[in-house]
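Colleague: Attaching a single structure in structure tokens format; questions to follow.
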Amino acid sequence: MSPGLPTIEHFSTTVEDETTKRSHRLYRHVLGSAEPDQLLYEEADERFRIEVERTRSGAFLLLTVASHTASEVRYLRADQPGGEFRLIAPREENHEYYADHHPNPSLLATEHPGPLTARRPGLATNPGDGLFYIRTNSGGRTFRLVTAPENDPRRELWREIIPNRPDVMVAAAEVFRTHLVLFEREGGLPYLRIVDLTAEPPSALAASHRIEFAEPAYNASIGENPEFDASHLQFQYESFVTPRSVFDYDVRTRERTLRKQQPVLGGYDPAQYTSERLHATASDGTRVPLSIVHRRDTPLDGSAPLLLYGYGSYGISVPVNFSSNRLSLLDRGVIYAVAHIRGGGELGKPWHDAGRMKNKSNTFTDFIAAAEHLIAQRYTAPEKLVIQGGSAGGLLMGAVTNMRPDLFRVVISQVPFVDVLNTMLDASLPLTVGEYEEWGNPQIAEDYFSMKSYCPYTNVERKAYPAILARTGLNDSQVMYWEPAKYVAKMRTLKTDSNPLLLKVNMGAGHGGASGRYDYLREIALDYAFLLTQLGIKE
């Protein structure tokens with residue numbers, strides 16, 4: 001152990017509720033003690049889950065309690081582990097906020113102070129001198145950034161340093177000694193913004209810049225970066241064409257250095273592939289982003305097969321990521337596309353709001369609009385169009401297949417959430433109560449009929465459907481295996497076509513599919529084999 005670093009005598013741990021599968025209790029453990037662990041906090045509301053972490057400054061432990069639409073944060077000085085967590089601001093409906101810490105921004109030097117040695121980061125200044133940096137949606141759904149004194153962080157003392165920008169989602173804020181790093185989303189793309197805390201006078205956005213990325217569609221994210229005293233940021237970057245890469249970025253000189261890149265065997269040449277960014281127009285005029293990749297020699301005359309992926313729930317953004325597995329499709333002339341539909345998080349919280357609860361139908365009509373746009377632009381044709389989604393994306397597959405079975409040739413549905421109405425009526429299932437804020441509470445008449453209008457199982461009809469492969473896992477605690485099983489059984493009874501309808505149950509897997517490396521690849525191979533066989537692609 002380095003000299004000057006204190007001995008760890010206490011640590012905190014969260015415990016998962018066996019029924020709801022959410023972390024709901026926080027305990028304190030004293031090393032070497034025979035006494036039972038002390039219960040510090042228990043969350044009774046099933047909509048909320050908890051997590052505890054230490055700030056990068058090292059000065060505080062933060063206990064964050066969050067649901068899909070609200071949150072609150074409690075704090076405890078790390079050098080007083082036997083103390084009590086104190087509340088920053090009590091939870092309010094539709095108010096989300098998240099905190100980080102800086103020990104004393106007022107003492108920042110113009111030059112970087114260099115690494116701390118033989119002392120704990122963040123505890124070099126007097127307690128009470130520091131600030132909490134708080135990302136909050138109190139001033140707009142796309143969040144803003146405020147500060148609050150660490151010794152009295154109540155909401156009345158919050159001071160705005162970065163205002164809300166309606167078109168820019170501030171999805172994360174990371175605090176370092178000399179700078180902040182903001183993870184932003186704008187126009188459906190991710191951005192990393194560096195805010196200089198040493199600027200005189202500090203003026204937040206005016207003293208900031210974004211890291212530039214050249215490709216039209218990509219994914220960028222903040223790495224681990226555990227050191228508070230860091231003159232560089234480690235970030236990850238990838239795209240449909242560029243393999244996953246790790247860069248060090250000097251926040252002062254703005255130079256980036258490639259540290260690692262995912263190797264791709266088999267003579268991969270990125271110059272043979274190209275990616276694009278398109279926009280489809282939904283029925284209400286909303287522009288829906290699409291990210292596309294294909295070989296440069298793939299014909300764009302409507303003759304190419306196309307695999308369209310979608311999700312559109314929980315405010316989760318579908319990343320534009322690299323996949324060496326996908327190359328086997330691209331090299332066979334298949335175009336791959338992602339529809340960044342409403343309900344996801346690609347354009348921030350408003351994009352999520354526009355595709356959840358009573359607005360959920362937008363998710364499905366956006367996906368249909370994306371498919372129609374790709375056909376109209378002659379990327380593919382209905383008889384060549386394959387669609388894919390998993391979990392809530394499997395709900396998407398079931399809904400759009402019920403709505404427009406004529407539009408798709410093949411459907412690949414993984415652990416599909418296809419019996420929405422019955423699942424949400426059963427509060428004893430693990431995720432039901434926590435997801436009332438995503439789908440609605442069916443005990444409320446308006447929510448019940450909203451879910452009933454799109455629930456795939458409820459709306460299966462006597463008509464022709466595309467070829468369908470549905471995969472699930474026997475041990476799935478998020479989407480129970482009987483959902484796709486009863487969905488497939490009902491569809492086999494009612495469908496009027498002769499297209500294959502296959503159900504594959506992995507008897508040892510859960511929601512994430514097979515855990516073994518090669519078993520996981522075999523599942524992907526099954527999906528690809530079904531796709532290629534149905535399209536008549538033999539080589």
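Labels used: A, B, ... for chains in the order of the structure tokens, numbers from 1 for residues in each chain, and numbers from 1 for ligands as shown.
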Tell me which protein, DNA and RNA residues are within 10 Å of Asp152 of chain A, counting only C-alpha atoms, leaving out same-chain ones fewer than 5 positions away, and put them as a tab-separated table (two decimals) with N, CA and C atoms, in the first residue's frame.

Modeller:
```tsv
chain	number	residue	atom	x	y	z
A	87	LEU	N	-29.18	13.91	2.11
A	87	LEU	CA	-29.91	14.08	0.85
A	87	LEU	C	-29.56	15.41	0.20
A	88	ILE	N	-29.28	15.38	-1.11
A	88	ILE	CA	-29.06	16.63	-1.85
A	88	ILE	C	-30.40	17.32	-2.10
A	128	GLY	N	-15.85	21.02	2.91
A	128	GLY	CA	-16.80	22.11	2.76
A	128	GLY	C	-16.43	23.10	1.69
A	131	LEU	N	-17.51	21.64	-4.48
A	131	LEU	CA	-18.80	21.81	-5.14
A	131	LEU	C	-19.29	20.46	-5.65
A	132	PHE	N	-20.59	20.26	-5.61
A	132	PHE	CA	-21.22	19.20	-6.38
A	132	PHE	C	-21.59	19.76	-7.75
A	157	LEU	N	-29.78	26.63	-3.58
A	157	LEU	CA	-28.43	27.15	-3.77
A	157	LEU	C	-27.79	26.67	-5.06
A	158	TRP	N	-28.55	25.98	-5.91
A	158	TRP	CA	-27.99	25.53	-7.17
A	158	TRP	C	-27.72	26.74	-8.09
```

Colleague: Would you mind listing what lies within 10 Å of Leu431 of chain A as a ChimeraX atom specification, with only C-alpha atoms counted and same-chain residues fewer than 3 positions away left out?

Modeller: /A:19-22,46-47,423-424,426-428,434-436,477-479

Colleague: As a VMD selection string, please: every residue in segment 384-508 of chain A that a backbone DSSP assignment puts in helix (DSSP H, G or I).

Modeller: chain A and resid 384 392 to 403 405 to 407 420 to 424 433 to 439 445 to 454 482 to 494

Colleague: Identify, on the basis of only C-alpha atoms, every residue whose closest approach to segment 293-296 of chain A does not exceed 9 Å; exclude the query and any residue fewer than 4 positions from it along the same chain; express the result as a ChimeraX atom specification.

Modeller: /A:240-241,271-276,330-331,333-337

Colleague: Kindly export the residues of the current selection with N, CA, C and O atoms, as a PDB file, in the first residue's frame.

Modeller:
```
ATOM      1  N   PHE A 240     -19.598   1.653 -38.119  1.00  0.00           N
ATOM      2  CA  PHE A 240     -19.856   0.459 -38.908  1.00  0.00           C
ATOM      3  C   PHE A 240     -18.614   0.015 -39.681  1.00  0.00           C
ATOM      4  O   PHE A 240     -18.480  -1.158 -40.018  1.00  0.00           O
ATOM      5  N   VAL A 241     -17.710   0.970 -39.962  1.00  0.00           N
ATOM      6  CA  VAL A 241     -16.530   0.690 -40.786  1.00  0.00           C
ATOM      7  C   VAL A 241     -15.248   0.633 -39.951  1.00  0.00           C
ATOM      8  O   VAL A 241     -14.351  -0.165 -40.240  1.00  0.00           O
ATOM      9  N   ALA A 271     -11.660   0.246 -46.649  1.00  0.00           N
ATOM     10  CA  ALA A 271     -11.922   1.026 -47.863  1.00  0.00           C
ATOM     11  C   ALA A 271     -12.985   0.371 -48.743  1.00  0.00           C
ATOM     12  O   ALA A 271     -13.558   1.023 -49.626  1.00  0.00           O
ATOM     13  N   GLN A 272     -13.266  -0.920 -48.523  1.00  0.00           N
ATOM     14  CA  GLN A 272     -14.268  -1.607 -49.335  1.00  0.00           C
ATOM     15  C   GLN A 272     -15.697  -1.334 -48.870  1.00  0.00           C
ATOM     16  O   GLN A 272     -16.649  -1.743 -49.542  1.00  0.00           O
ATOM     17  N   TYR A 273     -15.847  -0.620 -47.756  1.00  0.00           N
ATOM     18  CA  TYR A 273     -17.172  -0.404 -47.171  1.00  0.00           C
ATOM     19  C   TYR A 273     -17.424   1.089 -46.993  1.00  0.00           C
ATOM     20  O   TYR A 273     -16.491   1.890 -46.853  1.00  0.00           O
ATOM     21  N   THR A 274     -18.688   1.443 -46.975  1.00  0.00           N
ATOM     22  CA  THR A 274     -19.047   2.843 -46.781  1.00  0.00           C
ATOM     23  C   THR A 274     -20.278   2.940 -45.892  1.00  0.00           C
ATOM     24  O   THR A 274     -21.171   2.078 -45.947  1.00  0.00           O
ATOM     25  N   SER A 275     -20.312   3.982 -45.077  1.00  0.00           N
ATOM     26  CA  SER A 275     -21.469   4.206 -44.210  1.00  0.00           C
ATOM     27  C   SER A 275     -22.141   5.511 -44.583  1.00  0.00           C
ATOM     28  O   SER A 275     -21.510   6.421 -45.146  1.00  0.00           O
ATOM     29  N   GLU A 276     -23.432   5.591 -44.278  1.00  0.00           N
ATOM     30  CA  GLU A 276     -24.223   6.759 -44.632  1.00  0.00           C
ATOM     31  C   GLU A 276     -25.164   7.125 -43.489  1.00  0.00           C
ATOM     32  O   GLU A 276     -25.456   6.302 -42.616  1.00  0.00           O
ATOM     33  N   LEU A 330     -22.340  -8.346 -45.196  1.00  0.00           N
ATOM     34  CA  LEU A 330     -21.984  -7.273 -46.131  1.00  0.00           C
ATOM     35  C   LEU A 330     -21.275  -7.832 -47.356  1.00  0.00           C
ATOM     36  O   LEU A 330     -21.525  -7.384 -48.486  1.00  0.00           O
ATOM     37  N   ASP A 331     -20.399  -8.815 -47.151  1.00  0.00           N
ATOM     38  CA  ASP A 331     -19.656  -9.385 -48.271  1.00  0.00           C
ATOM     39  C   ASP A 331     -20.543 -10.232 -49.179  1.00  0.00           C
ATOM     40  O   ASP A 331     -20.142 -10.584 -50.294  1.00  0.00           O
ATOM     41  N   GLY A 333     -23.416  -9.027 -50.075  1.00  0.00           N
ATOM     42  CA  GLY A 333     -24.254  -8.028 -50.728  1.00  0.00           C
ATOM     43  C   GLY A 333     -25.427  -7.544 -49.906  1.00  0.00           C
ATOM     44  O   GLY A 333     -26.304  -6.827 -50.427  1.00  0.00           O
ATOM     45  N   VAL A 334     -25.483  -7.911 -48.608  1.00  0.00           N
ATOM     46  CA  VAL A 334     -26.568  -7.449 -47.744  1.00  0.00           C
ATOM     47  C   VAL A 334     -26.235  -6.069 -47.196  1.00  0.00           C
ATOM     48  O   VAL A 334     -25.125  -5.838 -46.708  1.00  0.00           O
ATOM     49  N   ILE A 335     -27.178  -5.153 -47.281  1.00  0.00           N
ATOM     50  CA  ILE A 335     -27.039  -3.824 -46.670  1.00  0.00           C
ATOM     51  C   ILE A 335     -27.539  -3.918 -45.224  1.00  0.00           C
ATOM     52  O   ILE A 335     -28.520  -4.609 -44.941  1.00  0.00           O
ATOM     53  N   TYR A 336     -26.857  -3.232 -44.318  1.00  0.00           N
ATOM     54  CA  TYR A 336     -27.281  -3.229 -42.916  1.00  0.00           C
ATOM     55  C   TYR A 336     -27.656  -1.803 -42.520  1.00  0.00           C
ATOM     56  O   TYR A 336     -26.951  -0.843 -42.850  1.00  0.00           O
ATOM     57  N   ALA A 337     -28.790  -1.666 -41.810  1.00  0.00           N
ATOM     58  CA  ALA A 337     -29.262  -0.338 -41.413  1.00  0.00           C
ATOM     59  C   ALA A 337     -29.854  -0.401 -40.012  1.00  0.00           C
ATOM     60  O   ALA A 337     -30.400  -1.422 -39.587  1.00  0.00           O
TER      61      ALA A 337
END
```

Colleague: Kindly indicate which residue among A:Pro270, A:Pro299, A:Gly223, A:Pro90 lies nearest to Phe247 of chain A, using only C-alpha atoms for the distances.

Modeller: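 Smallest separation from Phe247 of chain A among the options: A:Gly223.
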
Colleague: Any idea what's packed within 9 Å of segment 489-494 of chain A, counting only C-alpha atoms, ignoring anything in its chain fewer than 3 positions away? Could you give it as a PyMOL selection string?

Modeller: chain A and resi 457+460-465+484-486+501

Colleague: Identify all residues of segment 59-298 of chain A in strand (DSSP E or B) (DSSP on the backbone) and supply them as number ranges by chain.

Modeller: A: 60-66, 71-77, 86-87, 97-102, 131-136, 144-149, 159-162, 165, 168-175, 179-186, 189-196, 208-210, 219-222, 232-238, 245-250, 256-261, 273-281, 287-295

Colleague: So which one's closest to Asn325 of chain A, A:Val411, A:Val264, A:Gly513, A:Leu76? Using only C-alpha atoms, please.

Modeller: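 Between A:Val411, A:Val264, A:Gly513, A:Leu76, the residue approaching Asn325 of chain A most closely is A:Val264.
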
Colleague: Which one is closest to Ser391 of chain A: A:Leu521, A:Leu329, A:Leu429, A:Ala470? Count only C-alpha atoms.

Modeller: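 The answer is A:Ala470, which sits nearest to Ser391 of chain A.
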
Colleague: Fewer than 6 positions away in the same chain doesn't count, so skip those; otherwise give me all residues within 12 Å of Tyr454 of chain A, counting only C-alpha atoms, as an NGL selection string.

Modeller: :A and (357-365 or 395-403 or 417-421 or 439 or 447-448 or 460)

Colleague: Atom CA of Gly355 of chain A to atom CA of Glu93 of chain A: how many Å, to one decimal?

Modeller: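 Separation between atom CA of Gly355 of chain A and atom CA of Glu93 of chain A: 19.0 Å.
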
Colleague: For Thr13 of chain A, which residue among A:Tyr75, A:Tyr98, A:Tyr41, A:Tyr27 is the nearest when counting only C-alpha atoms?

Modeller: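 Nearest to Thr13 of chain A: A:Tyr27.
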
Colleague: Would you mind listing what lies within 8 Å of segment 315-319 of chain A as a count of residues only, with only C-alpha atoms counted and same-chain residues fewer than 2 positions away left out?

Modeller: 17

Colleague: Choose the residue, out of A:Tyr481, A:Phe48, A:Phe85, A:Tyr97, that has the smallest atom-to-atom separation from Leu503 of chain A; count only C-alpha atoms.

Modeller: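 For Leu503 of chain A, the nearest of the given residues is A:Tyr481.
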
Colleague: What's the separation between atom CA of Leu205 of chain A and atom CA of Ile162 of chain A, in Å to one decimal place?

Modeller: 6.6 Å

Colleague: Name all residues at most 12 Å from Glu96 of chain A (count only C-alpha atoms; drop same-chain ones fewer than 5 positions away) and give them as an mmCIF file with all heavy atoms, in the first residue's frame.

Modeller:
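Resulting contents of result_33.cif:
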```cif
data_model
loop_
_atom_site.group_PDB
_atom_site.id
_atom_site.type_symbol
_atom_site.label_atom_id
_atom_site.label_comp_id
_atom_site.auth_asym_id
_atom_site.auth_seq_id
_atom_site.Cartn_x
_atom_site.Cartn_y
_atom_site.Cartn_z
ATOM 1 N N THR A 64 -27.324 6.848 -5.315
ATOM 2 C CA THR A 64 -28.304 7.335 -6.285
ATOM 3 C C THR A 64 -29.491 6.391 -6.322
ATOM 4 O O THR A 64 -29.329 5.175 -6.475
ATOM 5 C CB THR A 64 -27.680 7.451 -7.687
ATOM 6 O OG1 THR A 64 -26.541 8.318 -7.630
ATOM 7 C CG2 THR A 64 -28.678 8.012 -8.678
ATOM 8 N N VAL A 65 -30.681 6.949 -6.169
ATOM 9 C CA VAL A 65 -31.932 6.197 -6.203
ATOM 10 C C VAL A 65 -32.712 6.695 -7.418
ATOM 11 O O VAL A 65 -33.028 7.885 -7.502
ATOM 12 C CB VAL A 65 -32.743 6.415 -4.906
ATOM 13 C CG1 VAL A 65 -33.973 5.521 -4.894
ATOM 14 C CG2 VAL A 65 -31.879 6.164 -3.672
ATOM 15 N N ALA A 66 -33.023 5.806 -8.362
ATOM 16 C CA ALA A 66 -33.601 6.274 -9.622
ATOM 17 C C ALA A 66 -34.648 5.317 -10.155
ATOM 18 O O ALA A 66 -34.533 4.097 -10.022
ATOM 19 C CB ALA A 66 -32.499 6.465 -10.664
ATOM 20 N N SER A 67 -35.674 5.888 -10.782
ATOM 21 C CA SER A 67 -36.641 5.145 -11.577
ATOM 22 C C SER A 67 -36.441 5.563 -13.030
ATOM 23 O O SER A 67 -35.447 6.200 -13.368
ATOM 24 C CB SER A 67 -38.073 5.458 -11.110
ATOM 25 O OG SER A 67 -38.462 6.760 -11.510
ATOM 26 N N HIS A 68 -37.404 5.251 -13.885
ATOM 27 C CA HIS A 68 -37.291 5.675 -15.282
ATOM 28 C C HIS A 68 -37.500 7.177 -15.441
ATOM 29 O O HIS A 68 -37.092 7.755 -16.454
ATOM 30 C CB HIS A 68 -38.324 4.932 -16.146
ATOM 31 C CG HIS A 68 -37.992 3.489 -16.375
ATOM 32 N ND1 HIS A 68 -36.936 3.074 -17.138
ATOM 33 C CD2 HIS A 68 -38.591 2.351 -15.919
ATOM 34 C CE1 HIS A 68 -36.894 1.752 -17.163
ATOM 35 N NE2 HIS A 68 -37.885 1.292 -16.426
ATOM 36 N N THR A 69 -38.127 7.819 -14.454
ATOM 37 C CA THR A 69 -38.500 9.227 -14.646
ATOM 38 C C THR A 69 -38.104 10.138 -13.489
ATOM 39 O O THR A 69 -38.323 11.337 -13.563
ATOM 40 C CB THR A 69 -40.027 9.357 -14.831
ATOM 41 O OG1 THR A 69 -40.691 8.865 -13.653
ATOM 42 C CG2 THR A 69 -40.500 8.578 -16.049
ATOM 43 N N ALA A 70 -37.522 9.631 -12.415
ATOM 44 C CA ALA A 70 -37.177 10.472 -11.269
ATOM 45 C C ALA A 70 -35.955 9.898 -10.566
ATOM 46 O O ALA A 70 -35.653 8.699 -10.686
ATOM 47 C CB ALA A 70 -38.352 10.571 -10.291
ATOM 48 N N SER A 71 -35.241 10.750 -9.823
ATOM 49 C CA SER A 71 -34.076 10.291 -9.079
ATOM 50 C C SER A 71 -33.802 11.219 -7.908
ATOM 51 O O SER A 71 -34.324 12.340 -7.843
ATOM 52 C CB SER A 71 -32.839 10.212 -9.987
ATOM 53 O OG SER A 71 -32.468 11.502 -10.434
ATOM 54 N N GLU A 72 -32.985 10.730 -6.987
ATOM 55 C CA GLU A 72 -32.474 11.548 -5.891
ATOM 56 C C GLU A 72 -31.115 11.000 -5.490
ATOM 57 O O GLU A 72 -30.802 9.827 -5.725
ATOM 58 C CB GLU A 72 -33.436 11.564 -4.702
ATOM 59 C CG GLU A 72 -33.635 10.226 -4.030
ATOM 60 C CD GLU A 72 -34.641 10.282 -2.884
ATOM 61 O OE1 GLU A 72 -35.373 11.289 -2.774
ATOM 62 O OE2 GLU A 72 -34.687 9.310 -2.103
ATOM 63 N N VAL A 73 -30.287 11.862 -4.880
ATOM 64 C CA VAL A 73 -28.914 11.495 -4.546
ATOM 65 C C VAL A 73 -28.644 11.819 -3.086
ATOM 66 O O VAL A 73 -28.982 12.913 -2.610
ATOM 67 C CB VAL A 73 -27.898 12.239 -5.451
ATOM 68 C CG1 VAL A 73 -26.469 11.841 -5.085
ATOM 69 C CG2 VAL A 73 -28.175 11.963 -6.923
ATOM 70 N N ALA A 89 -31.319 16.632 -2.709
ATOM 71 C CA ALA A 89 -32.654 17.189 -2.968
ATOM 72 C C ALA A 89 -33.642 16.037 -3.017
ATOM 73 O O ALA A 89 -33.349 14.996 -3.632
ATOM 74 C CB ALA A 89 -32.693 17.971 -4.272
ATOM 75 N N PRO A 90 -34.793 16.153 -2.372
ATOM 76 C CA PRO A 90 -35.763 15.046 -2.355
ATOM 77 C C PRO A 90 -36.326 14.780 -3.750
ATOM 78 O O PRO A 90 -36.392 15.671 -4.598
ATOM 79 C CB PRO A 90 -36.845 15.536 -1.391
ATOM 80 C CG PRO A 90 -36.726 17.024 -1.398
ATOM 81 C CD PRO A 90 -35.273 17.323 -1.618
ATOM 82 N N ARG A 91 -36.735 13.548 -3.973
ATOM 83 C CA ARG A 91 -37.274 13.171 -5.287
ATOM 84 C C ARG A 91 -38.588 13.894 -5.560
ATOM 85 O O ARG A 91 -39.384 14.149 -4.661
ATOM 86 C CB ARG A 91 -37.483 11.661 -5.377
ATOM 87 C CG ARG A 91 -38.623 11.111 -4.567
ATOM 88 C CD ARG A 91 -38.713 9.585 -4.640
ATOM 89 N NE ARG A 91 -37.578 8.949 -3.980
ATOM 90 C CZ ARG A 91 -37.532 7.643 -3.676
ATOM 91 N NH1 ARG A 91 -38.553 6.844 -3.974
ATOM 92 N NH2 ARG A 91 -36.481 7.133 -3.078
ATOM 93 N N ILE A 134 -24.042 19.051 -10.692
ATOM 94 C CA ILE A 134 -25.307 18.330 -10.757
ATOM 95 C C ILE A 134 -25.918 18.472 -12.145
ATOM 96 O O ILE A 134 -26.151 19.591 -12.622
ATOM 97 C CB ILE A 134 -26.289 18.853 -9.690
ATOM 98 C CG1 ILE A 134 -25.697 18.639 -8.291
ATOM 99 C CG2 ILE A 134 -27.642 18.166 -9.814
ATOM 100 C CD1 ILE A 134 -26.479 19.316 -7.188
ATOM 101 N N ARG A 135 -26.138 17.328 -12.778
ATOM 102 C CA ARG A 135 -26.832 17.299 -14.073
ATOM 103 C C ARG A 135 -28.313 17.117 -13.780
ATOM 104 O O ARG A 135 -28.717 16.122 -13.178
ATOM 105 C CB ARG A 135 -26.280 16.144 -14.925
ATOM 106 C CG ARG A 135 -26.832 16.060 -16.325
ATOM 107 C CD ARG A 135 -26.111 14.989 -17.117
ATOM 108 N NE ARG A 135 -26.324 13.655 -16.565
ATOM 109 C CZ ARG A 135 -27.285 12.821 -16.945
ATOM 110 N NH1 ARG A 135 -28.159 13.196 -17.877
ATOM 111 N NH2 ARG A 135 -27.390 11.618 -16.397
ATOM 112 N N THR A 136 -29.138 18.073 -14.185
ATOM 113 C CA THR A 136 -30.544 18.079 -13.805
ATOM 114 C C THR A 136 -31.434 18.430 -14.998
ATOM 115 O O THR A 136 -31.063 19.243 -15.846
ATOM 116 C CB THR A 136 -30.802 19.082 -12.665
ATOM 117 O OG1 THR A 136 -32.214 19.239 -12.444
ATOM 118 C CG2 THR A 136 -30.224 20.453 -12.988
ATOM 119 N N ASN A 137 -32.630 17.823 -15.025
ATOM 120 C CA ASN A 137 -33.597 18.192 -16.062
ATOM 121 C C ASN A 137 -34.638 19.173 -15.532
ATOM 122 O O ASN A 137 -35.710 19.323 -16.109
ATOM 123 C CB ASN A 137 -34.270 16.950 -16.655
ATOM 124 C CG ASN A 137 -35.183 16.221 -15.671
ATOM 125 O OD1 ASN A 137 -35.255 16.578 -14.495
ATOM 126 N ND2 ASN A 137 -35.882 15.210 -16.144
ATOM 127 N N SER A 138 -34.324 19.848 -14.423
ATOM 128 C CA SER A 138 -35.266 20.804 -13.843
ATOM 129 C C SER A 138 -35.499 22.012 -14.737
ATOM 130 O O SER A 138 -36.531 22.674 -14.622
ATOM 131 C CB SER A 138 -34.754 21.280 -12.471
ATOM 132 O OG SER A 138 -33.484 21.895 -12.589
ATOM 133 N N GLY A 139 -34.557 22.292 -15.637
ATOM 134 C CA GLY A 139 -34.727 23.430 -16.526
ATOM 135 C C GLY A 139 -35.056 23.054 -17.949
ATOM 136 O O GLY A 139 -35.057 23.904 -18.844
ATOM 137 N N GLY A 140 -35.343 21.766 -18.191
ATOM 138 C CA GLY A 140 -35.642 21.293 -19.545
ATOM 139 C C GLY A 140 -35.332 19.818 -19.648
ATOM 140 O O GLY A 140 -34.422 19.310 -18.979
ATOM 141 N N ARG A 141 -36.041 19.113 -20.507
ATOM 142 C CA ARG A 141 -35.927 17.654 -20.570
ATOM 143 C C ARG A 141 -34.560 17.180 -21.056
ATOM 144 O O ARG A 141 -34.190 16.028 -20.845
ATOM 145 C CB ARG A 141 -37.007 17.088 -21.500
ATOM 146 C CG ARG A 141 -38.416 17.222 -20.960
ATOM 147 C CD ARG A 141 -38.627 16.370 -19.722
ATOM 148 N NE ARG A 141 -38.744 14.949 -20.039
ATOM 149 C CZ ARG A 141 -38.556 13.978 -19.152
ATOM 150 N NH1 ARG A 141 -38.188 14.260 -17.915
ATOM 151 N NH2 ARG A 141 -38.708 12.707 -19.501
ATOM 152 N N THR A 142 -33.789 18.048 -21.709
ATOM 153 C CA THR A 142 -32.472 17.642 -22.203
ATOM 154 C C THR A 142 -31.352 17.967 -21.218
ATOM 155 O O THR A 142 -30.182 17.839 -21.566
ATOM 156 C CB THR A 142 -32.181 18.307 -23.563
ATOM 157 O OG1 THR A 142 -32.397 19.723 -23.454
ATOM 158 C CG2 THR A 142 -33.090 17.745 -24.643
ATOM 159 N N PHE A 143 -31.699 18.383 -20.020
ATOM 160 C CA PHE A 143 -30.769 18.578 -18.914
ATOM 161 C C PHE A 143 -29.918 19.852 -19.057
ATOM 162 O O PHE A 143 -29.719 20.378 -20.148
ATOM 163 C CB PHE A 143 -29.849 17.368 -18.719
ATOM 164 C CG PHE A 143 -30.549 16.181 -18.116
ATOM 165 C CD1 PHE A 143 -31.353 15.362 -18.902
ATOM 166 C CD2 PHE A 143 -30.406 15.876 -16.779
ATOM 167 C CE1 PHE A 143 -32.007 14.261 -18.352
ATOM 168 C CE2 PHE A 143 -31.057 14.781 -16.222
ATOM 169 C CZ PHE A 143 -31.853 13.979 -17.006
ATOM 170 N N ARG A 144 -29.470 20.316 -17.916
ATOM 171 C CA ARG A 144 -28.519 21.406 -17.791
ATOM 172 C C ARG A 144 -27.547 21.041 -16.681
ATOM 173 O O ARG A 144 -27.707 19.995 -16.027
ATOM 174 C CB ARG A 144 -29.235 22.732 -17.454
ATOM 175 C CG ARG A 144 -29.980 22.694 -16.136
ATOM 176 C CD ARG A 144 -30.853 23.924 -15.906
ATOM 177 N NE ARG A 144 -31.617 23.814 -14.665
ATOM 178 C CZ ARG A 144 -31.535 24.658 -13.645
ATOM 179 N NH1 ARG A 144 -30.716 25.700 -13.719
ATOM 180 N NH2 ARG A 144 -32.265 24.471 -12.565
ATOM 181 N N ALA A 171 -26.126 13.940 -21.626
ATOM 182 C CA ALA A 171 -26.404 12.590 -21.140
ATOM 183 C C ALA A 171 -25.506 12.174 -19.990
ATOM 184 O O ALA A 171 -25.830 11.238 -19.257
ATOM 185 C CB ALA A 171 -26.262 11.589 -22.290
ATOM 186 N N LYS A 349 -34.000 12.957 -24.099
ATOM 187 C CA LYS A 349 -35.225 12.605 -23.373
ATOM 188 C C LYS A 349 -36.499 12.898 -24.155
ATOM 189 O O LYS A 349 -37.449 12.115 -24.105
ATOM 190 C CB LYS A 349 -35.260 13.331 -22.029
ATOM 191 C CG LYS A 349 -34.485 12.628 -20.939
ATOM 192 C CD LYS A 349 -35.218 11.374 -20.487
ATOM 193 C CE LYS A 349 -34.485 10.679 -19.346
ATOM 194 N NZ LYS A 349 -35.196 9.460 -18.906
#
```
